[in-house]
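Below is one structure, written out as structure tokens, with a few remarks after it.
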Amino acid sequence: MAIIKVRNLVKNFGDLQVLRGINLDVEEGEKLVIIGPSGSGKSTLLRCLNILEEPTGGSIEFAGVNITDPQADLPKIREEIGMVFQSFNLFPHKNVTENIVLAPLIVKKSDRPAAQDIALSLLKKVGLSDKAENYPAELSGGQQQRVAIARALAMQPRVMLFDEPTSALDPEMVGEVLEVMGDLAREGMTMVVVTHEMKFAQEIGDRVIFMDEGLIIEEGTPQQLFTEPVNKRTRSFLTRVMQ
Amino acid sequence: MDLIIQSLPFLLDGVLQTLKVTLIAVALGCILGLCGGMGRLSKNRFAHALATCYVDFVRGTPLLVQLFIVYFGLPPLIQQFKVFLEASFALGPFSSTSHIPPFIAAVVACSINSGAYVSEIFRAGIQSIEKGQSEAALSLGMTQSQAMRHIILPQAFRRVVPPLGNEFIAMLKDTSLLSCIGYAELTRQGQLIIGSTFRSFEIWFSVALLYLIMTLGISRLVDFTERRLGINGHHQS
């Protein structure tokens, strides 16, 4: 069953139409990768999925609930949708552990020892057990992004959204983040990933969507999309990025 | 020299009053300023308009005039209100004087004045926090107010320490205007002493020196606080 259903989604920024009617289903457990040139609306689409951007038109259903309804309980819905940002957005005034336990403590009202246990096991999972007491400014970009992933996972979300998680990283740090994401994929997490990492899309993606100018131009398995793209624009984009 | 030593107790008394009014005014100003700053950023139109009017009015008019409004302008208004209450609702009788003590007038005027400047400091501080911070907080399921309380404000407070320090110093110097309503702060004490000794230069110079000591002291305190907040890796890269 589809956990996310997007119907005819439109998003305008002033006069600029960024999304021009998107239809999309994400199945439970699916790893969906969204690719496309910059300005194609892929990040905006992702940010609409947890209503960080308010859609202009159309509807989005998450787990059977219409989240575009103005009455929707957004904080409750966002608890179940983790998000990882291009610029990490760790809380600089809190150390690594506090970054991870903060939301469980104040949103879920978890008790501190339990939240801390979860934080430690998540840090172990992303390979940063030794950084529990450090502040974000003391970590490399790759380490910060791994903490950000752990922070999102601490809320035990049903879906994880990744908004170009490796685009702000130095090349040598991309691998460690993709590795963590790969582990997460193999555990069966439902993932929607906007990325420029074509190799990752091929290896991890169940389905790849190519977007351009606010529309889904083409979709298919990584095999189909990368080896025999049908649309002309898809082909020219892929030749440009794959070289 | 004898003159200065003789006058010193009076001047120090003035210093104490100056510090007292400044501290209370800035403390109340911070509370007002937090409300004002949040109001300026509020999506609620009424709150926004109210905060904007407040800030514009106070920043666009001289403190001395504000002080006169509170000290000389309010008592007749209160008097009229009392008469109105007595006549219309048979309340009272109230005490016949509506005089506001200089200390109360000083604190009210200075707090309101300081609050407007602090509003802008807080508004700028909150706006200087990257949008990604509140987005990250919201994406984790926090409400707007939880994000404000746990993520935005703690970071904004650190950033507003230097401008708050400036406001503190500005307020301290501005309290010299309180001499105009006869409040016995440092400047007023100086005037009084000169009134009986006619030694303008020595006394005004001493007064200036005492202000300088206070303002330097505050800026050292601000520097110290800044450094305290800067270490422990709290600061942003």
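Starting from 1 in every chain, residues are counted up; chains themselves are A, B, ... following the order of the structure tokens, and ligands are numbered from 1 as listed.
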
request  = Find the residues of chain A in contact range of chain B, meaning any atom within 8 Å when counting only C-alpha atoms, and list them as a PyMOL selection string.
outcome  = chain A and resi 50+52+74-79+81-83+85+87+89-94+103+106-107+135+137-138+152+155

ask   = If we count only C-alpha atoms, what is near Ser206 in chain B at a cut-off of 9 Å, once residues fewer than 3 positions away on the same chain are taken out, given as a count of residues only?
value = 10

message = Env of Ser7 in chain B: 12 Å cut, atoms = only C-alpha atoms, seq-sep filter 6 positions within chain, self excluded. Answer as JSON, numbers by chain.
response = {"B": [1, 13, 14, 186, 189, 190, 191, 192, 193, 194, 196, 197, 199, 202, 203, 204, 206, 207]}

request  = Could you find all residues in range 36-108 of chain B that DSSP calls helix (DSSP H, G or I) from the backbone, and write them as a ChimeraX atom specification?
outcome  = /B:36-41,45-59,63-89,102-108

inquiry  = Report as JSON, numbers by chain all protein, DNA and RNA residues lying within 12 Å of Arg235 in chain A, evaluated on only C-alpha atoms, omitting residues in the same chain fewer than 2 positions from it.
reply    = {"A": [36, 210, 217, 218, 224, 225, 226, 227, 228, 229, 230, 231, 232, 233, 237, 238, 239, 240, 241, 242, 243]}

request  = Write out as a PyMOL selection string all residues of range 11-172 of chain A that DSSP puts in strand (DSSP E or B) for this structure's backbone.
outcome  = chain A and resi 11-13+16-27+31-35+57-62+65-66+81-84+159-163

Long-range neighbours of Leu63 in chain B as a ChimeraX atom specification, 8 Å cut-off, only C-alpha atoms, 6 positions minimum in chain = /B:109-110,113,174,177

ask   = Pick the closest to Arg59 in chain B from B:Phe157, B:Tyr117, B:Phe122, B:Phe168: which is it, counting only C-alpha atoms?
value =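 Of B:Phe157, B:Tyr117, B:Phe122, B:Phe168, the one nearest Arg59 in chain B, counting only C-alpha atoms, is B:Tyr117.
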
request  = Identify, on the basis of only C-alpha atoms, every residue whose closest approach to Gln17 in chain B does not exceed 7 Å; exclude the query and any residue fewer than 4 positions from it along the same chain; express the result as a VMD selection string.
outcome  = chain B and resid 13 21 184 to 185

inquiry  = Rounded to one decimal, what separation in Å do you get between CA of Leu178 in chain A and CA of Phe200 in chain A?
reply    =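 These two atoms are separated by 7.3 Å.
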
task = Provide the CA of Val118 in chain B to CA of Gly33 in chain B distance in Å, to one decimal place.
result =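 Interatomic distance here is 4.7 Å.
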
inquiry  = Can you pull out the residues contacting Gln86 in chain A? Cut-off 9 Å, using only C-alpha atoms, and skip same-chain residues under 2 positions away; I want them as a PyMOL selection string.
reply    = chain A and resi 84+88-89+145+162-169

query = Can you tell me how far CA of Thr97 in chain A sits from CA of Pro113 in chain A, in Å to one decimal?
reply =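 If I compute the distance from CA of Thr97 in chain A to CA of Pro113 in chain A, I get 11.8 Å.
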